[in-house]
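Peer 1: I'm passing along upload_30.cif; it holds mmCIF, C-alpha atoms.
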```cif
data_final
#
loop_
_atom_site.label_atom_id
_atom_site.label_comp_id
_atom_site.auth_asym_id
_atom_site.auth_seq_id
_atom_site.Cartn_x
_atom_site.Cartn_y
_atom_site.Cartn_z
CA MET A 280 28.47 -24.42 50.97
CA ARG A 281 31.55 -25.30 48.88
CA CYS A 282 35.21 -25.65 49.82
CA PRO A 283 37.12 -22.37 49.20
CA GLU A 284 40.19 -24.36 48.08
CA CYS A 285 38.91 -27.02 45.67
CA GLY A 286 35.19 -26.29 45.39
CA GLY A 287 34.30 -29.69 46.84
CA ARG A 288 31.19 -30.46 48.90
CA ILE A 289 31.34 -29.61 52.62
CA VAL A 290 30.41 -32.40 55.04
CA GLU A 291 29.86 -32.38 58.81
CA ASP A 292 30.94 -35.12 61.16
CA LYS A 293 32.92 -34.15 64.23
CA GLU A 294 34.19 -31.18 62.24
CA VAL A 295 33.15 -29.16 59.19
CA VAL A 296 35.44 -30.51 56.45
CA CYS A 297 35.69 -30.68 52.66
CA GLY A 298 34.68 -34.10 51.36
CA GLU A 299 37.17 -33.83 48.49
CA CYS A 300 40.46 -32.41 49.83
CA GLY A 301 39.84 -32.80 53.59
CA LEU A 302 40.31 -29.12 54.45
CA VAL A 303 39.01 -28.45 57.99
CA LEU A 304 36.83 -25.31 58.03
CA GLY A 305 35.74 -25.35 61.66
CA GLU A 306 34.05 -27.23 64.46
CA LYS A 307 30.65 -28.81 63.99
CA LEU A 308 27.91 -26.27 64.62
CA ALA A 309 25.82 -28.47 66.93
CA VAL A 310 28.51 -29.51 69.39
CA GLU A 311 26.25 -30.94 72.05
CA GLN A 312 22.97 -32.83 71.83
CA LYS A 313 20.64 -32.87 74.80
CA TYR A 314 17.23 -34.37 75.40
CA TYR A 315 14.99 -31.53 76.51
CA PRO A 316 11.38 -32.40 77.32
CA LYS A 317 8.71 -29.79 76.82
CA VAL A 318 7.10 -28.32 79.93
CA ILE A 319 5.09 -31.22 81.34
CA SER A 320 1.77 -29.38 81.73
CA ASN A 321 1.34 -28.60 78.02
CA GLY A 322 0.79 -32.24 77.11
CA TYR A 323 3.44 -32.57 74.40
CA TYR A 324 5.84 -35.48 74.11
CA PRO A 325 9.56 -34.83 74.70
CA ARG A 326 11.59 -33.72 71.71
CA LYS A 327 15.27 -33.34 70.91
CA VAL A 328 16.81 -29.88 70.90
CA PHE A 329 20.41 -29.05 70.00
CA LYS A 330 22.50 -26.71 72.06
CA ILE A 331 23.94 -24.48 69.36
CA THR A 332 27.29 -22.73 69.55
CA PHE A 333 29.12 -20.78 66.90
CA PRO A 334 32.13 -22.55 65.34
CA SER A 335 35.59 -21.53 66.50
CA ASN A 336 36.40 -20.52 62.93
CA PRO A 337 34.36 -17.36 62.14
CA GLU A 338 34.93 -17.99 58.43
CA VAL A 339 32.18 -20.65 58.51
CA PHE A 340 29.66 -18.04 59.65
CA LYS A 341 30.94 -15.50 57.13
CA ASP A 342 30.72 -18.05 54.31
CA GLU A 343 27.10 -18.82 55.16
CA VAL A 344 26.27 -15.11 55.18
CA GLN A 345 27.97 -14.63 51.82
CA ARG A 346 26.12 -17.62 50.36
CA LEU A 347 22.71 -16.30 51.41
CA MET A 348 23.56 -12.78 50.24
CA HIS A 349 24.44 -14.24 46.83
CA PHE A 350 21.08 -16.04 46.64
CA ALA A 351 19.19 -12.93 47.80
CA ARG A 352 20.83 -10.82 45.07
CA GLY A 353 20.13 -13.51 42.49
CA TYR A 354 16.44 -13.60 43.42
CA GLY A 355 16.07 -9.84 42.95
CA ILE A 356 16.68 -8.29 46.38
CA ARG A 357 17.89 -4.73 45.80
CA MET A 358 19.29 -2.82 48.77
CA SER A 359 22.72 -1.67 49.97
CA SER A 360 25.29 -4.39 50.68
CA GLU A 361 25.68 -3.25 54.30
CA LYS A 362 21.95 -3.41 55.03
CA LEU A 363 21.59 -6.78 53.29
CA ARG A 364 24.54 -8.15 55.26
CA ARG A 365 22.97 -7.11 58.58
CA ILE A 366 19.67 -8.70 57.58
CA VAL A 367 21.29 -11.95 56.44
CA GLU A 368 23.44 -12.17 59.58
CA TYR A 369 20.24 -11.83 61.63
CA ILE A 370 18.56 -14.57 59.56
CA VAL A 371 21.55 -16.94 59.91
CA LYS A 372 21.68 -16.49 63.68
CA LYS A 373 17.92 -16.95 64.03
CA ASP A 374 17.05 -19.62 61.44
CA VAL A 375 20.32 -21.55 61.03
CA TYR A 376 21.84 -21.38 64.52
CA GLY A 377 18.56 -21.26 66.45
CA CYS A 378 19.43 -18.12 68.42
CA PHE A 379 17.24 -15.12 69.30
CA PRO A 380 19.22 -12.11 68.00
CA LYS A 381 18.10 -8.50 68.29
CA LYS A 382 16.75 -6.78 65.20
CA PRO A 383 19.64 -4.94 63.52
CA MET A 384 19.64 -1.16 63.84
CA GLY A 385 18.44 0.81 60.84
CA VAL A 386 16.54 -2.13 59.36
CA ARG A 387 12.75 -2.30 59.16
CA LEU A 388 10.95 -5.47 60.17
CA LYS A 389 9.22 -5.74 56.80
CA GLU A 390 12.63 -5.76 55.08
CA ILE A 391 13.73 -8.72 57.21
CA LYS A 392 10.45 -10.52 56.48
CA MET A 393 10.87 -9.88 52.75
CA VAL A 394 14.38 -11.38 52.58
CA ARG A 395 13.59 -14.23 54.99
CA SER A 396 10.37 -15.29 53.26
CA LEU A 397 12.13 -15.28 49.88
CA LEU A 398 14.98 -17.51 51.11
CA ILE A 399 12.51 -19.90 52.76
CA ARG A 400 10.22 -20.01 49.72
CA LYS A 401 13.16 -20.78 47.41
CA GLY A 402 14.35 -23.57 49.73
CA VAL A 403 17.67 -21.90 50.51
CA ILE A 404 17.11 -22.15 54.28
CA THR A 405 14.90 -24.31 56.49
CA PRO A 406 14.06 -22.26 59.60
CA VAL A 407 14.50 -23.73 63.06
CA HIS A 408 11.19 -23.85 64.96
CA GLN A 409 11.28 -21.57 68.01
CA ASP A 410 8.77 -20.82 70.75
CA ALA A 411 8.73 -19.27 74.23
CA THR A 412 10.03 -22.47 75.84
CA ASP A 413 12.95 -22.52 73.41
CA TYR A 414 13.71 -18.90 74.29
CA ILE A 415 13.75 -19.71 78.03
CA ARG A 416 16.11 -22.63 77.37
CA TRP A 417 18.32 -20.43 75.21
CA CYS A 418 18.57 -17.77 77.94
CA LEU A 419 19.34 -20.38 80.59
CA GLN A 420 22.05 -21.86 78.36
CA ARG A 421 23.62 -18.41 77.99
CA LEU A 422 23.62 -18.12 81.78
CA GLY A 423 25.06 -21.63 82.19
CA ILE A 424 22.20 -22.88 84.41
CA ASP A 425 20.13 -24.92 81.95
CA ASP A 426 20.84 -28.27 83.68
CA ILE A 427 20.02 -27.27 87.27
CA LYS A 428 17.42 -29.29 89.16
CA THR A 429 15.55 -27.44 91.93
CA LYS A 430 14.89 -28.75 95.44
CA ASN A 431 11.29 -29.62 94.60
CA GLY A 432 12.48 -32.09 91.94
CA LYS A 433 11.68 -29.97 88.89
CA MET A 434 14.16 -28.84 86.29
CA LEU A 435 14.87 -25.12 86.56
CA TYR A 436 13.44 -24.36 83.13
CA GLU A 437 10.14 -26.05 84.08
CA GLU A 438 9.71 -23.75 87.06
CA VAL A 439 10.72 -20.71 85.02
CA ALA A 440 8.17 -21.68 82.36
CA GLU A 441 5.42 -21.92 85.00
CA VAL A 442 6.20 -18.41 86.25
CA TYR A 443 6.47 -17.17 82.66
CA ARG A 444 2.90 -18.25 81.91
CA GLN A 445 1.61 -16.26 84.90
CA ILE A 446 2.96 -12.96 83.58
CA PRO A 447 0.37 -11.14 81.42
CA ASN A 448 0.72 -8.54 78.67
CA ARG A 449 4.50 -8.34 78.39
CA ARG A 450 7.02 -9.05 75.63
CA MET A 451 8.52 -12.55 75.53
CA GLN A 452 11.96 -11.20 76.49
CA THR A 453 10.58 -9.28 79.46
CA LYS A 454 8.51 -12.21 80.73
CA ALA A 455 11.47 -14.59 80.45
CA ALA A 456 13.86 -12.20 82.23
CA VAL A 457 11.44 -11.56 85.10
CA ALA A 458 10.65 -15.27 85.48
CA ILE A 459 14.33 -16.28 85.47
CA TYR A 460 15.25 -13.58 87.99
CA TYR A 461 12.37 -14.52 90.28
CA VAL A 462 13.17 -18.26 90.24
CA CYS A 463 16.91 -17.66 90.69
CA ARG A 464 16.27 -15.47 93.75
CA LYS A 465 13.81 -18.02 95.10
CA HIS A 466 16.37 -20.83 94.96
CA GLY A 467 19.40 -18.76 95.91
CA ILE A 468 21.14 -19.05 92.53
CA GLY A 469 23.86 -16.42 92.52
CA LEU A 470 23.17 -14.51 89.32
CA SER A 471 22.86 -10.74 89.30
CA MET A 472 20.05 -8.81 87.69
CA GLU A 473 22.63 -7.38 85.27
CA GLU A 474 23.67 -10.86 84.07
CA ILE A 475 20.08 -12.01 83.57
CA ALA A 476 19.14 -8.78 81.78
CA ALA A 477 22.10 -9.16 79.39
CA ALA A 478 21.26 -12.82 78.65
CA CYS A 479 17.61 -11.99 77.87
CA GLY A 480 18.28 -8.80 75.93
CA VAL A 481 16.46 -6.39 78.26
CA SER A 482 17.52 -3.67 80.70
CA GLU A 483 17.83 -4.07 84.46
CA SER A 484 15.17 -1.40 84.96
CA THR A 485 12.76 -3.47 82.85
CA ILE A 486 13.14 -6.40 85.24
CA SER A 487 12.84 -4.32 88.42
CA GLN A 488 9.85 -2.32 87.15
CA ASN A 489 7.94 -5.43 86.16
CA LEU A 490 8.71 -7.13 89.46
CA LYS A 491 7.16 -4.13 91.23
CA LEU A 492 4.14 -4.13 88.96
CA LEU A 493 3.60 -7.82 89.61
CA GLY A 494 4.00 -7.35 93.36
CA TRP A 495 6.72 -9.97 93.69
CA LEU A 496 9.45 -7.95 95.38
CA SER A 497 7.90 -8.63 98.79
CA GLN A 498 8.08 -12.38 98.13
CA LEU A 499 11.83 -12.41 97.34
#
```
For this file, produce the structure as structure tokens.
Peer 2:
Amino acid sequence: MRCPECGGRIVEDKEVVCGECGLVLGEKLAVEQKYYPKVISNGYYPRKVFKITFPSNPEVFKDEVQRLMHFARGYGIRMSSEKLRRIVEYIVKKDVYGCFPKKPMGVRLKEIKMVRSLLIRKGVITPVHQDATDYIRWCLQRLGIDDIKTKNGKMLYEEVAEVYRQIPNRRMQTKAAVAIYYVCRKHGIGLSMEEIAAACGVSESTISQNLKLLGWLSQL
């Protein structure tokens, strides 16, 4: 990314600024660093994960989208500007910011894969590694309960991950939503089904139906 005023190189310290003229473009993207261990039972060593928030200045996000659109056009991607913008916005949120956005309407999955694989292959983006544990942490961060420690001494996300692994044959979003709702009810955390459904990108009926199928309503 280059400075819109002087064309100088953009640097990140406490803020996103131009290294030449000092123009402030926004807040640093990773505003908070936390030390999140993996779920203990999987045998991995702890690793560092950044809590990602969008900058206060939306121009930083727009500039990144424009930059990737420019590269995609230059490497031969031919589709309407509106469709390409929706695809690139999805890629930026997922691979640059580490979020789990919904697939944009009117866009086929193979079109996203085509643009994403091209940008990765050309070295334009380096995707953030994501797995089910990252998704659980992301949902808990959206709900503002990612740092809660339960009465049994475990972190909340550890207990949610344990329940998550017991749920068979469901989408990742559904399993995470059901597990979070179950654990929150178990420990008396005052979050509604509507809030949890919105954070995980599913409907309330999806949570309630899967709770019934799993026979957990009687335990709540």
Peer 1: Quick check, in Å to one decimal: how far apart do atom CA of Arg365 of chain A and atom CA of Ile391 of chain A lie?
Peer 2: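 Separating atom CA of Arg365 of chain A from atom CA of Ile391 of chain A is a distance of 9.5 Å.
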Peer 1: Can you list, as a ChimeraX atom specification, every protein, DNA or RNA residue that comes within 12 Å of Leu419 of chain A when you count all atoms listed in the file, leaving out same-chain residues fewer than 3 positions away?
Peer 2: /A:330,412-416,422-427,434-437,439-440,455-456,458-460,462-463,470,474-479
Peer 1: Convert the current residue selection to file output with C-alpha atoms, as a PDB file, in the frame of the given file.
Peer 2:
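Result file selection.pdb:
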```
ATOM      1  CA  LYS A 330      22.500 -26.710  72.060  1.00  0.00           C
ATOM      2  CA  THR A 412      10.030 -22.470  75.840  1.00  0.00           C
ATOM      3  CA  ASP A 413      12.950 -22.520  73.410  1.00  0.00           C
ATOM      4  CA  TYR A 414      13.710 -18.900  74.290  1.00  0.00           C
ATOM      5  CA  ILE A 415      13.750 -19.710  78.030  1.00  0.00           C
ATOM      6  CA  ARG A 416      16.110 -22.630  77.370  1.00  0.00           C
ATOM      7  CA  LEU A 422      23.620 -18.120  81.780  1.00  0.00           C
ATOM      8  CA  GLY A 423      25.060 -21.630  82.190  1.00  0.00           C
ATOM      9  CA  ILE A 424      22.200 -22.880  84.410  1.00  0.00           C
ATOM     10  CA  ASP A 425      20.130 -24.920  81.950  1.00  0.00           C
ATOM     11  CA  ASP A 426      20.840 -28.270  83.680  1.00  0.00           C
ATOM     12  CA  ILE A 427      20.020 -27.270  87.270  1.00  0.00           C
ATOM     13  CA  MET A 434      14.160 -28.840  86.290  1.00  0.00           C
ATOM     14  CA  LEU A 435      14.870 -25.120  86.560  1.00  0.00           C
ATOM     15  CA  TYR A 436      13.440 -24.360  83.130  1.00  0.00           C
ATOM     16  CA  GLU A 437      10.140 -26.050  84.080  1.00  0.00           C
ATOM     17  CA  VAL A 439      10.720 -20.710  85.020  1.00  0.00           C
ATOM     18  CA  ALA A 440       8.170 -21.680  82.360  1.00  0.00           C
ATOM     19  CA  ALA A 455      11.470 -14.590  80.450  1.00  0.00           C
ATOM     20  CA  ALA A 456      13.860 -12.200  82.230  1.00  0.00           C
ATOM     21  CA  ALA A 458      10.650 -15.270  85.480  1.00  0.00           C
ATOM     22  CA  ILE A 459      14.330 -16.280  85.470  1.00  0.00           C
ATOM     23  CA  TYR A 460      15.250 -13.580  87.990  1.00  0.00           C
ATOM     24  CA  VAL A 462      13.170 -18.260  90.240  1.00  0.00           C
ATOM     25  CA  CYS A 463      16.910 -17.660  90.690  1.00  0.00           C
ATOM     26  CA  LEU A 470      23.170 -14.510  89.320  1.00  0.00           C
ATOM     27  CA  GLU A 474      23.670 -10.860  84.070  1.00  0.00           C
ATOM     28  CA  ILE A 475      20.080 -12.010  83.570  1.00  0.00           C
ATOM     29  CA  ALA A 476      19.140  -8.780  81.780  1.00  0.00           C
ATOM     30  CA  ALA A 477      22.100  -9.160  79.390  1.00  0.00           C
ATOM     31  CA  ALA A 478      21.260 -12.820  78.650  1.00  0.00           C
ATOM     32  CA  CYS A 479      17.610 -11.990  77.870  1.00  0.00           C
TER      33      CYS A 479
END
```
Peer 1: Considering all atoms listed in the file, state which residue in the set A:Asn489, A:Gln409, A:Thr429, A:Ser484 is at the smallest distance from Arg449 of chain A.
Peer 2: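 For Arg449 of chain A, the nearest of the given residues is A:Asn489.
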Peer 1: Mind working out the centre and edge lengths of an axis-aligned box for segment 414-421 of chain A, all listed atoms inside, 6 Å added to each side, rounded to one decimal in Å and written as AutoDock Vina command-line options?
Peer 2:
```
--center_x 18.7 --center_y -20.2 --center_z 77.4 --size_x 21.9 --size_y 16.9 --size_z 18.3
```
Peer 1: Taking all atoms listed in the file into account, which of A:Ile486, A:Met384, A:Met393, A:Leu347 comes nearest Val371 of chain A?
Peer 2: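 Smallest separation from Val371 of chain A among the options: A:Leu347.
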Peer 1: From the options A:Val386, A:Gln452, A:Lys465, A:Ser487, which residue's atoms come nearest to Met358 of chain A, counting all atoms listed in the file?
Peer 2: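 Comparing A:Val386, A:Gln452, A:Lys465, A:Ser487 against Met358 of chain A, the winner is A:Val386.
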Peer 1: Between atom CA of Met348 of chain A and atom CA of Leu363 of chain A, what is the distance in Å, rounded to a tenth?
Peer 2: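 Computing it gives 7.0 Å between the two atoms.
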